[in-house]
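Undergrad: Okay, handing you the structure first.
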Amino acid sequence: MTTITPATPHPLRECRTCRHFRNDAAFLEAAFAGLTSMSSGYGSVRAEDGICLRHDRYLRAHASCADHAPRVAERAGPAAG
Amino acid sequence: MANVDVHPNPAVSPPLRWRELWLKEDWWAIWLGLGIVVAAYAFFAGGGSIRWIAVTPAKWSTWPQLGAHFAANYDRYIVQFLAWLAAFSLALTALGHKARDFIPSFLILYALSVVIFTLGQWDKAATYNLEPPLVALAVGLVLSNLVGLPRWLDAGFRVEFYVKTGIVLLGATLPFTLIVWAGPAAILQASIVSVVTFAVIYGVAVRLGLDKRLAATLGAGGAVCGVSAAIAVAGAVGAKREHAPIAITTVILWAIVMIFVLPFVAQYLHLPAGVGGAWIGTSEFADAAGFAAAQTYGNLAGHGAVAGTSEQAIVAYTLIKVVGRDVWIGIWAFVLAIIATTQWERAETGGKPQAAEIWWRFPKFVIGFLAASLLITLATTGYSLADYNKSVVPALVTPIKDLRTWAFIFCFLSIGLTTRFGELASAGKKPFLAFSAGAIVNVIVGFLLSAFVFAAHWESLAP
């Protein structure tokens with residue numbers, strides 16, 4: 001498995017703000033075959049978890065690593081499902 | 001694994017936090033379910049009822065009878081369809097779905113639901129085991145796997161949204177006192193089975209050499225709330241991308257088998273409705289699948305094939321599954337996240353798990369279930385039992401129950417319509433073996449607890 005180099009936890013370096021991280025519900029429902037059969041990408045239990053496209057991991061939005069690549073900040077855009 | 005567009009998002013959204021009130025399906029199930037409950041009570045308090053719009057197919061035995069029913073009530077079905085369509089469209093559009101895909105899809109779903117509901121009301125349906133949940137599932141599976149449906153139609157087949165809405169409506173038909181009385185036993189029974197099941201799946205998976213994160217993901221899928229628990233824990237422990245689909249496939253295959261097996265094994269063992277419902281609540285994996293099995297068992301009771309009442313099976317199932325198992329998913333995820341980040345891969349990820357995630361992962365529709373129960377219980381406190389049965393049940397409770405039945409039929413059909421076996425990820429022999437070991441232990445322990453240890457409790461359940 002790809003080793004992820006740890007980073008000091010910091011809000012600005014969280015996966016949530018990384019361009020390798022995808023957590024919109026529609027994307028996850030397409031990525032995880034069968035998810036909609038008995039669950040959903042839009043449910044509360046998923047919180048804001050998403051897929052790290054760099055490390056191919058399914059991670060908490062608050063996780064972080066040294067490979068963090070910031071995305072453009074947005075004032076009020078569409079939310080993660 | 002599905003082939004998906006993997007282009008990263010260009011912009012960052014702010015954390016979801018309380019915006020989940022309108023951006024998560026759980027909350028929309030609450031708004032919709034409680035909206036129906038409040039409207040029902042408002043009509044009732046004004047001397048009326050929502051009975052007109054809560055139309056359901058009547059019992060029938062001949063075609064002319066059936067034709068007469070629809071000729072006399074077609075306008076009620078049209079208005080009901082439009083009301084569901086408007087409510088679901090509002091919610092799903094807010095969640096980001098396209099109304100132009102949802103509308104034709106829901107039209108098909110509603111039409112199929114009318115047919116299946118009607119079939120279930122045929123006086124010979126029980127003779128041929130044409131239980132609506134099983135028929136809905138079977139029809140859906142045939143259409144999606146043998147006929148094939150365009151992918152865009154999935155927009156209307158929202159299994160989880162329908163089942164959550166149905167659960168909120170179910171709350172309104174249960175006295176809050178019953179939940180308080182039966183809840184602790186449900187939590188105790190469910191907790192015992194959850195811990196044992198998780199331990200078996202995790203232990204066997206690790207012994208077979210599987211990654212601990214996959215083992216935990218599979219374990220949660222079997223022990224807590226199926227696919228939803230599997231993805232919650234997969235995210236919490238930082239599973240590999242392919243772990244979640246493996247768990248999803250395994251849970252779906254087992255859950256579908258259990259829908260068909262559990263009710264009939266329970267019937268063969270002559271379990272009373274409440275006991276059978278408790279067993280299904282303990283041993284089914286996903287909420288939606290479990291409701292299909294519990295509703296089937298309840299229908300068997302309704303036909304007199306097993307002792308007890310239809311509602312006993314549904315209520316026992318709900319208490320065990322929703323109150324006993326689902327509500328703990330946040331804690332499972334939090335504890336496993338701590339173990340994952342402190343024991344399994346200290347060198348790989350940063351970012352400590354936050355206790356607040358217990359709340360953010362909490363299945364919020366349970367709040368709606370409890371609120372609906374409390375609301376109706378308080379609103380009808382002043383009625384004597386005789387008055388309650390004479391006026392409250394037919395004018396208030398029964399119409400809500402009928403709308404609940406519609407929501408569940410939408411759900412059962414959607415399970416079949418969205419389960420395409422050919423598209424599921426390959427689970428692999430070892431994950432399937434590990435999960436199966438836990439499932440077998442789960443069924444046995446669940447049976448012992450339901451049919452012996454807590455049998456008197458579930459048998460005497462009086463919704």
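In the structure tokens, chains take letters A, B, ... by order of appearance, with residues numbered from 1 within each chain and ligands from 1 in the order shown.
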Counting only C-alpha atoms, what is within 7 Å of Gly41 of chain A, bar same-chain residues fewer than 6 positions away, as a short mmCIF file (atom, residue, chain, number, x, y, z; two decimals) with N, CA and C atoms, in the first residue's frame?
TA:
```cif
data_model
loop_
_atom_site.label_atom_id
_atom_site.label_comp_id
_atom_site.auth_asym_id
_atom_site.auth_seq_id
_atom_site.Cartn_x
_atom_site.Cartn_y
_atom_site.Cartn_z
N ALA A 25 -21.26 13.44 -2.67
CA ALA A 25 -22.05 12.20 -2.55
C ALA A 25 -22.22 11.49 -3.90
N ALA A 26 -22.47 12.27 -4.95
CA ALA A 26 -22.70 11.64 -6.26
C ALA A 26 -21.44 10.91 -6.72
N LEU A 28 -19.12 9.59 -4.83
CA LEU A 28 -18.93 8.38 -4.03
C LEU A 28 -19.92 7.27 -4.44
N GLU A 29 -21.14 7.67 -4.78
CA GLU A 29 -22.12 6.66 -5.20
C GLU A 29 -21.69 6.02 -6.52
N GLY A 81 -21.73 16.21 -0.08
CA GLY A 81 -22.92 15.50 0.29
C GLY A 81 -22.81 14.88 1.58
#
```
Undergrad: So, with only C-alpha atoms as the atoms that count, which of B:Val315, B:Val392, B:Val441, B:Ala356 lies closest to Leu178 of chain B?
TA: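 Using only C-alpha atoms, Leu178 of chain B sits closest to B:Val315.
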Undergrad: Show which residues sit within 7 Å of segment 48-60 of chain A, as a list in words. Count only C-alpha atoms, and ignore same-chain residues fewer than 2 positions away.
TA: Thr2, His20, Phe21, Arg22, Asn23, Arg46, His62, Ala63 and Ala80 of chain A; Ala234, Gly235, Ala236, Gly238, Ala239, Lys240 and Arg241 of chain B
Undergrad: Extract, using only C-alpha atoms, all DNA, RNA and protein residues at most 6 Å from Glu160 of chain B, discarding same-chain residues fewer than 3 positions from it, and format them as a ChimeraX atom specification.
TA: /A:39 /B:163-164
Undergrad: Could you check how far atom CA of Trp254 of chain B sits from atom CA of Leu319 of chain B, in Å to one decimal?
TA: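 Computed distance, atom CA of Trp254 of chain B to atom CA of Leu319 of chain B, equals 21.5 Å.
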Undergrad: Hey, what's within 12 Å of segment 74-85 of chain B if we count only C-alpha atoms and toss same-chain stuff fewer than 2 positions away? As a ChimeraX atom specification, please?
TA: /B:32-33,36,50-57,66-72,87-93,99-100,102-111,113-114,156,162,165,402-404,406-407,410
Undergrad: For the residues in the current selection, export C-alpha atoms as a CSV table (one decimal), in the first residue's frame.
TA:
```csv
chain,number,residue,atom,x,y,z
B,32,LEU,CA,-40.9,15.1,5.2
B,33,GLY,CA,-41.9,12.6,7.9
B,36,ILE,CA,-46.8,14.5,7.2
B,50,ILE,CA,-55.7,13.0,5.8
B,51,ARG,CA,-57.4,9.6,5.1
B,52,TRP,CA,-58.5,10.8,1.6
B,53,ILE,CA,-55.0,11.2,0.3
B,54,ALA,CA,-53.6,8.2,2.2
B,55,VAL,CA,-55.5,5.9,-0.1
B,56,THR,CA,-54.4,2.3,-0.5
B,57,PRO,CA,-55.7,-0.6,-2.6
B,66,LEU,CA,-60.7,-4.2,-8.3
B,67,GLY,CA,-61.9,-2.2,-11.3
B,68,ALA,CA,-64.6,-0.6,-9.2
B,69,HIS,CA,-62.0,0.4,-6.5
B,70,PHE,CA,-59.8,2.2,-9.0
B,71,ALA,CA,-62.7,3.8,-10.8
B,72,ALA,CA,-63.9,5.2,-7.6
B,87,ALA,CA,-42.2,16.4,-1.5
B,88,PHE,CA,-39.5,14.0,-2.8
B,89,SER,CA,-38.6,16.4,-5.6
B,90,LEU,CA,-38.1,19.3,-3.2
B,91,ALA,CA,-35.8,17.2,-1.0
B,92,LEU,CA,-33.8,15.5,-3.7
B,93,THR,CA,-33.3,18.7,-5.6
B,99,ALA,CA,-35.7,16.8,-11.0
B,100,ARG,CA,-35.9,16.0,-14.7
B,102,PHE,CA,-36.3,12.0,-10.8
B,103,ILE,CA,-39.8,12.8,-12.1
B,104,PRO,CA,-40.1,10.0,-14.8
B,105,SER,CA,-38.2,7.6,-12.5
B,106,PHE,CA,-40.6,8.2,-9.6
B,107,LEU,CA,-43.6,7.8,-12.0
B,108,ILE,CA,-42.4,4.3,-12.9
B,109,LEU,CA,-41.7,3.5,-9.2
B,110,TYR,CA,-45.1,4.7,-8.1
B,111,ALA,CA,-46.9,2.8,-10.9
B,113,SER,CA,-45.8,0.2,-6.3
B,114,VAL,CA,-49.5,0.4,-7.0
B,156,GLY,CA,-35.9,8.0,-8.3
B,162,TYR,CA,-37.6,6.1,1.4
B,165,THR,CA,-39.0,8.5,5.7
B,402,ASP,CA,-50.8,3.7,5.2
B,403,LEU,CA,-48.4,6.3,4.0
B,404,ARG,CA,-45.6,4.5,5.9
B,406,TRP,CA,-46.2,3.3,0.6
B,407,ALA,CA,-42.8,4.6,1.7
B,410,PHE,CA,-41.0,2.4,-2.7
```
Undergrad: Can you tell me which residues surround Leu378 of chain B at a distance of at most 12 Å, considering only C-alpha atoms, apart from same-chain residues fewer than 2 positions away, and format the answer as an MDAnalysis selection string?
TA: chainID B and resid 41 172 174:177 371:376 380:383
Undergrad: Could the residues in this selection be saved with N, CA and C atoms as a PDB file, in the first residue's frame?
TA:
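New file selection-v6.pdb:
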```pdb
ATOM      1  N   TYR B  41     -52.011  15.558  12.084  1.00  0.00           N
ATOM      2  CA  TYR B  41     -52.593  15.977  13.369  1.00  0.00           C
ATOM      3  C   TYR B  41     -53.434  17.250  13.209  1.00  0.00           C
ATOM      4  N   ALA B 172     -44.559   7.716  14.490  1.00  0.00           N
ATOM      5  CA  ALA B 172     -45.847   8.333  14.838  1.00  0.00           C
ATOM      6  C   ALA B 172     -46.905   7.305  15.190  1.00  0.00           C
ATOM      7  N   LEU B 174     -46.247   4.605  17.004  1.00  0.00           N
ATOM      8  CA  LEU B 174     -45.823   3.904  18.222  1.00  0.00           C
ATOM      9  C   LEU B 174     -45.943   4.800  19.438  1.00  0.00           C
ATOM     10  N   PRO B 175     -46.563   4.320  20.513  1.00  0.00           N
ATOM     11  CA  PRO B 175     -46.571   5.118  21.745  1.00  0.00           C
ATOM     12  C   PRO B 175     -45.143   5.289  22.264  1.00  0.00           C
ATOM     13  N   PHE B 176     -44.831   6.496  22.685  1.00  0.00           N
ATOM     14  CA  PHE B 176     -43.474   6.754  23.183  1.00  0.00           C
ATOM     15  C   PHE B 176     -43.170   5.878  24.406  1.00  0.00           C
ATOM     16  N   THR B 177     -44.224   5.621  25.183  1.00  0.00           N
ATOM     17  CA  THR B 177     -44.040   4.788  26.382  1.00  0.00           C
ATOM     18  C   THR B 177     -43.566   3.387  26.008  1.00  0.00           C
ATOM     19  N   ALA B 371     -39.126  11.759  17.716  1.00  0.00           N
ATOM     20  CA  ALA B 371     -39.928  12.987  17.793  1.00  0.00           C
ATOM     21  C   ALA B 371     -41.358  12.727  17.332  1.00  0.00           C
ATOM     22  N   ALA B 372     -41.503  11.943  16.275  1.00  0.00           N
ATOM     23  CA  ALA B 372     -42.849  11.639  15.769  1.00  0.00           C
ATOM     24  C   ALA B 372     -43.638  10.853  16.806  1.00  0.00           C
ATOM     25  N   SER B 373     -42.962   9.918  17.458  1.00  0.00           N
ATOM     26  CA  SER B 373     -43.635   9.127  18.493  1.00  0.00           C
ATOM     27  C   SER B 373     -44.067  10.015  19.659  1.00  0.00           C
ATOM     28  N   LEU B 374     -43.157  10.865  20.089  1.00  0.00           N
ATOM     29  CA  LEU B 374     -43.443  11.750  21.228  1.00  0.00           C
ATOM     30  C   LEU B 374     -44.595  12.703  20.892  1.00  0.00           C
ATOM     31  N   LEU B 375     -44.536  13.227  19.689  1.00  0.00           N
ATOM     32  CA  LEU B 375     -45.551  14.202  19.250  1.00  0.00           C
ATOM     33  C   LEU B 375     -46.964  13.602  19.299  1.00  0.00           C
ATOM     34  N   ILE B 376     -47.118  12.456  18.690  1.00  0.00           N
ATOM     35  CA  ILE B 376     -48.452  11.838  18.640  1.00  0.00           C
ATOM     36  C   ILE B 376     -48.866  11.335  20.024  1.00  0.00           C
ATOM     37  N   THR B 380     -52.235  12.810  21.945  1.00  0.00           N
ATOM     38  CA  THR B 380     -53.399  11.937  22.169  1.00  0.00           C
ATOM     39  C   THR B 380     -53.479  11.445  23.614  1.00  0.00           C
ATOM     40  N   THR B 381     -52.747  12.105  24.502  1.00  0.00           N
ATOM     41  CA  THR B 381     -52.700  11.668  25.902  1.00  0.00           C
ATOM     42  C   THR B 381     -54.082  11.683  26.568  1.00  0.00           C
ATOM     43  N   GLY B 382     -54.901  12.661  26.264  1.00  0.00           N
ATOM     44  CA  GLY B 382     -56.170  12.814  26.976  1.00  0.00           C
ATOM     45  C   GLY B 382     -57.265  11.820  26.593  1.00  0.00           C
ATOM     46  N   TYR B 383     -57.002  10.968  25.602  1.00  0.00           N
ATOM     47  CA  TYR B 383     -58.054  10.062  25.134  1.00  0.00           C
ATOM     48  C   TYR B 383     -58.101   8.780  25.967  1.00  0.00           C
TER      49      TYR B 383
END
```
Undergrad: Using only C-alpha atoms, which of A:Asp24, A:Arg71, A:Cys65, A:Ser37 sits nearest Leu23 of chain B?
TA: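 Between A:Asp24, A:Arg71, A:Cys65, A:Ser37, the residue approaching Leu23 of chain B most closely is A:Asp24.
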Undergrad: I'd like the contact shell of Leu35 of chain A - 12 Å cut-off, only C-alpha atoms, skipping same-chain residues fewer than 3 positions apart - returned as number ranges by chain.
TA: A: 25-32, 38-43, 46; B: 1-2, 154, 158-160, 226-232, 244-252, 286, 415, 418-420, 423-425
Undergrad: Could you dump the residues just selected with C-alpha atoms as a PDB file, in the first residue's frame?
TA:
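Everything below was put into selection.pdb:
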```pdb
ATOM      1  CA  ALA A  25     -22.047  12.201  -2.554  1.00  0.00           C
ATOM      2  CA  ALA A  26     -22.703  11.645  -6.257  1.00  0.00           C
ATOM      3  CA  PHE A  27     -19.027  10.888  -6.866  1.00  0.00           C
ATOM      4  CA  LEU A  28     -18.935   8.375  -4.027  1.00  0.00           C
ATOM      5  CA  GLU A  29     -22.120   6.660  -5.202  1.00  0.00           C
ATOM      6  CA  ALA A  30     -20.482   6.214  -8.603  1.00  0.00           C
ATOM      7  CA  ALA A  31     -17.178   5.103  -7.129  1.00  0.00           C
ATOM      8  CA  PHE A  32     -18.590   2.543  -4.680  1.00  0.00           C
ATOM      9  CA  MET A  38     -28.880  -0.511   0.710  1.00  0.00           C
ATOM     10  CA  SER A  39     -27.350   2.786   1.726  1.00  0.00           C
ATOM     11  CA  SER A  40     -26.592   6.186   0.296  1.00  0.00           C
ATOM     12  CA  GLY A  41     -23.878   8.745  -0.235  1.00  0.00           C
ATOM     13  CA  TYR A  42     -26.156  11.379   1.246  1.00  0.00           C
ATOM     14  CA  GLY A  43     -26.626   9.854   4.707  1.00  0.00           C
ATOM     15  CA  ARG A  46     -20.809   9.070   6.193  1.00  0.00           C
TER      16      ARG A  46
ATOM     17  CA  MET B   1     -14.690  -1.059  -8.989  1.00  0.00           C
ATOM     18  CA  ALA B   2     -16.775   1.309 -11.056  1.00  0.00           C
ATOM     19  CA  ASP B 154     -31.691   5.435 -10.458  1.00  0.00           C
ATOM     20  CA  ARG B 158     -33.565   6.223  -3.375  1.00  0.00           C
ATOM     21  CA  VAL B 159     -33.678   3.201  -1.057  1.00  0.00           C
ATOM     22  CA  GLU B 160     -32.310   4.957   2.007  1.00  0.00           C
ATOM     23  CA  GLY B 226     -24.897  -3.001   7.049  1.00  0.00           C
ATOM     24  CA  VAL B 227     -23.584  -0.956   4.155  1.00  0.00           C
ATOM     25  CA  SER B 228     -23.996   2.348   6.020  1.00  0.00           C
ATOM     26  CA  ALA B 229     -21.886   1.097   8.914  1.00  0.00           C
ATOM     27  CA  ALA B 230     -19.312  -0.345   6.545  1.00  0.00           C
ATOM     28  CA  ILE B 231     -18.726   2.976   4.783  1.00  0.00           C
ATOM     29  CA  ALA B 232     -18.790   4.922   8.052  1.00  0.00           C
ATOM     30  CA  ALA B 244     -15.659  -0.364   0.976  1.00  0.00           C
ATOM     31  CA  PRO B 245     -16.932  -2.010  -2.244  1.00  0.00           C
ATOM     32  CA  ILE B 246     -15.811  -5.415  -0.941  1.00  0.00           C
ATOM     33  CA  ALA B 247     -17.844  -4.886   2.229  1.00  0.00           C
ATOM     34  CA  ILE B 248     -20.794  -3.505   0.229  1.00  0.00           C
ATOM     35  CA  THR B 249     -20.919  -6.588  -2.006  1.00  0.00           C
ATOM     36  CA  THR B 250     -20.682  -8.958   0.937  1.00  0.00           C
ATOM     37  CA  VAL B 251     -23.391  -7.191   2.926  1.00  0.00           C
ATOM     38  CA  ILE B 252     -25.765  -6.978  -0.053  1.00  0.00           C
ATOM     39  CA  ALA B 286     -29.183  -3.277   6.418  1.00  0.00           C
ATOM     40  CA  ILE B 415     -33.549  -2.230  -3.474  1.00  0.00           C
ATOM     41  CA  THR B 418     -30.610  -0.665  -7.864  1.00  0.00           C
ATOM     42  CA  THR B 419     -29.000  -4.038  -7.143  1.00  0.00           C
ATOM     43  CA  ARG B 420     -27.135  -5.032 -10.271  1.00  0.00           C
ATOM     44  CA  GLU B 423     -21.715  -4.469 -11.326  1.00  0.00           C
ATOM     45  CA  LEU B 424     -20.863  -5.333  -7.731  1.00  0.00           C
ATOM     46  CA  ALA B 425     -17.185  -5.498  -6.878  1.00  0.00           C
TER      47      ALA B 425
END
```
Undergrad: Provide the atom CA of Lys429 of chain B to atom CA of Phe285 of chain B distance in Å, to one decimal place.
TA: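 Atom CA of Phe285 of chain B lies at a distance of 19.5 Å from atom CA of Lys429 of chain B.
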Undergrad: Nearest residue to chain A out of B:Ala289, B:Ile320, B:Ile409, B:Ala185, using only C-alpha atoms?
TA: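 The answer is B:Ala289, which sits nearest to chain A.
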Undergrad: DSSP on the backbone: which residues in segment 329-460 of chain B end up as helix (DSSP H, G or I)? Give the answer as a compact mmCIF listing (two decimals) with C-alpha atoms, in the first residue's frame.
TA:
```txt
# COMPACT_ATOMS: atom_id res chain seq x y z
CA ILE B 329 -22.51 3.73 14.63
CA GLY B 330 -20.86 7.02 15.61
CA ILE B 331 -19.28 5.45 18.66
CA TRP B 332 -18.10 2.39 16.71
CA ALA B 333 -16.55 4.67 14.11
CA PHE B 334 -14.92 6.94 16.70
CA VAL B 335 -13.42 4.09 18.73
CA LEU B 336 -12.15 2.30 15.63
CA ALA B 337 -10.73 5.56 14.28
CA ILE B 338 -8.75 5.99 17.50
CA ILE B 339 -7.46 2.42 17.29
CA ALA B 340 -6.60 2.87 13.61
CA THR B 341 -4.70 6.10 14.07
CA THR B 342 -2.91 5.11 17.29
CA GLN B 343 -2.27 1.39 16.75
CA TRP B 344 -2.57 0.34 13.14
CA ALA B 356 -17.74 15.47 17.61
CA GLU B 357 -17.77 12.93 14.80
CA ILE B 358 -19.96 10.72 17.02
CA TRP B 359 -22.66 13.32 16.56
CA TRP B 360 -21.98 14.10 12.91
CA PHE B 365 -33.53 10.03 11.13
CA VAL B 366 -33.73 8.26 14.52
CA ILE B 367 -34.40 11.69 16.03
CA GLY B 368 -37.35 12.04 13.68
CA PHE B 369 -38.58 8.57 14.66
CA LEU B 370 -38.51 9.49 18.35
CA ALA B 371 -39.93 12.99 17.79
CA ALA B 372 -42.85 11.64 15.77
CA SER B 373 -43.64 9.13 18.49
CA LEU B 374 -43.44 11.75 21.23
CA LEU B 375 -45.55 14.20 19.25
CA ILE B 376 -48.45 11.84 18.64
CA THR B 377 -48.23 10.36 22.14
CA LEU B 378 -48.49 13.80 23.75
CA ALA B 379 -51.20 14.93 21.35
CA LEU B 385 -58.57 3.70 25.26
CA ALA B 386 -62.07 3.38 23.83
CA ASP B 387 -62.00 6.88 22.33
CA TYR B 388 -58.49 6.34 21.06
CA ASN B 389 -59.53 3.19 19.19
CA LYS B 390 -62.76 4.76 17.98
CA SER B 391 -61.53 8.14 16.72
CA VAL B 392 -57.73 8.50 16.90
CA VAL B 393 -56.82 5.24 15.20
CA PRO B 394 -58.98 5.55 12.07
CA ALA B 395 -58.61 9.31 11.57
CA LEU B 396 -54.98 9.82 12.59
CA VAL B 397 -52.91 6.67 13.09
CA THR B 398 -54.16 4.50 10.22
CA PRO B 399 -53.59 7.11 7.47
CA ILE B 400 -50.04 7.68 8.72
CA LYS B 401 -49.54 3.91 8.78
CA ASP B 402 -50.82 3.67 5.21
CA LEU B 403 -48.41 6.34 4.00
CA ARG B 404 -45.64 4.50 5.85
CA THR B 405 -46.54 1.35 3.91
CA TRP B 406 -46.21 3.28 0.63
CA ALA B 407 -42.78 4.58 1.65
CA PHE B 408 -41.62 1.06 2.46
CA ILE B 409 -42.89 -0.33 -0.85
CA PHE B 410 -40.96 2.42 -2.68
CA CYS B 411 -37.94 1.28 -0.68
CA PHE B 412 -38.33 -2.46 -1.32
CA LEU B 413 -38.76 -1.93 -5.04
CA SER B 414 -35.77 0.39 -5.12
CA ILE B 415 -33.55 -2.23 -3.47
CA GLY B 416 -34.20 -4.58 -6.36
CA LEU B 417 -34.05 -1.88 -9.01
CA THR B 418 -30.61 -0.66 -7.86
CA PHE B 421 -25.21 -8.15 -9.38
CA GLY B 422 -22.98 -7.87 -12.43
CA GLU B 423 -21.72 -4.47 -11.33
CA LYS B 429 -13.05 -15.59 -0.90
CA LYS B 430 -11.44 -14.47 2.36
CA PRO B 431 -13.65 -11.44 3.06
CA PHE B 432 -16.70 -13.50 2.21
CA LEU B 433 -15.60 -16.30 4.54
CA ALA B 434 -14.90 -13.89 7.40
CA PHE B 435 -18.25 -12.15 6.99
CA SER B 436 -20.08 -15.45 6.65
CA ALA B 437 -18.55 -16.73 9.90
CA GLY B 438 -19.90 -13.66 11.69
CA ALA B 439 -23.28 -13.93 9.98
CA ILE B 440 -23.71 -17.54 11.08
CA VAL B 441 -22.77 -16.75 14.68
CA ASN B 442 -25.04 -13.70 14.53
CA VAL B 443 -28.03 -15.77 13.40
CA ILE B 444 -27.50 -18.36 16.14
CA VAL B 445 -26.90 -15.88 18.98
CA GLY B 446 -29.72 -13.66 17.71
CA PHE B 447 -32.08 -16.62 17.68
CA LEU B 448 -31.13 -17.70 21.21
CA LEU B 449 -31.61 -14.19 22.59
CA SER B 450 -34.88 -13.55 20.72
CA ALA B 451 -36.51 -16.94 21.14
CA PHE B 452 -35.33 -17.79 24.66
CA VAL B 453 -33.62 -15.08 26.72
CA ALA B 455 -38.78 -14.24 24.29
CA ALA B 456 -41.40 -13.18 26.84
CA HIS B 457 -40.45 -9.54 26.31
CA TRP B 458 -40.88 -9.63 22.53
CA GLU B 459 -43.91 -11.89 22.59
```
Undergrad: Could you tell me how far atom CA of Leu134 of chain B lies from atom CA of Ala155 of chain B, in Å and to one decimal?
TA: 22.3 Å
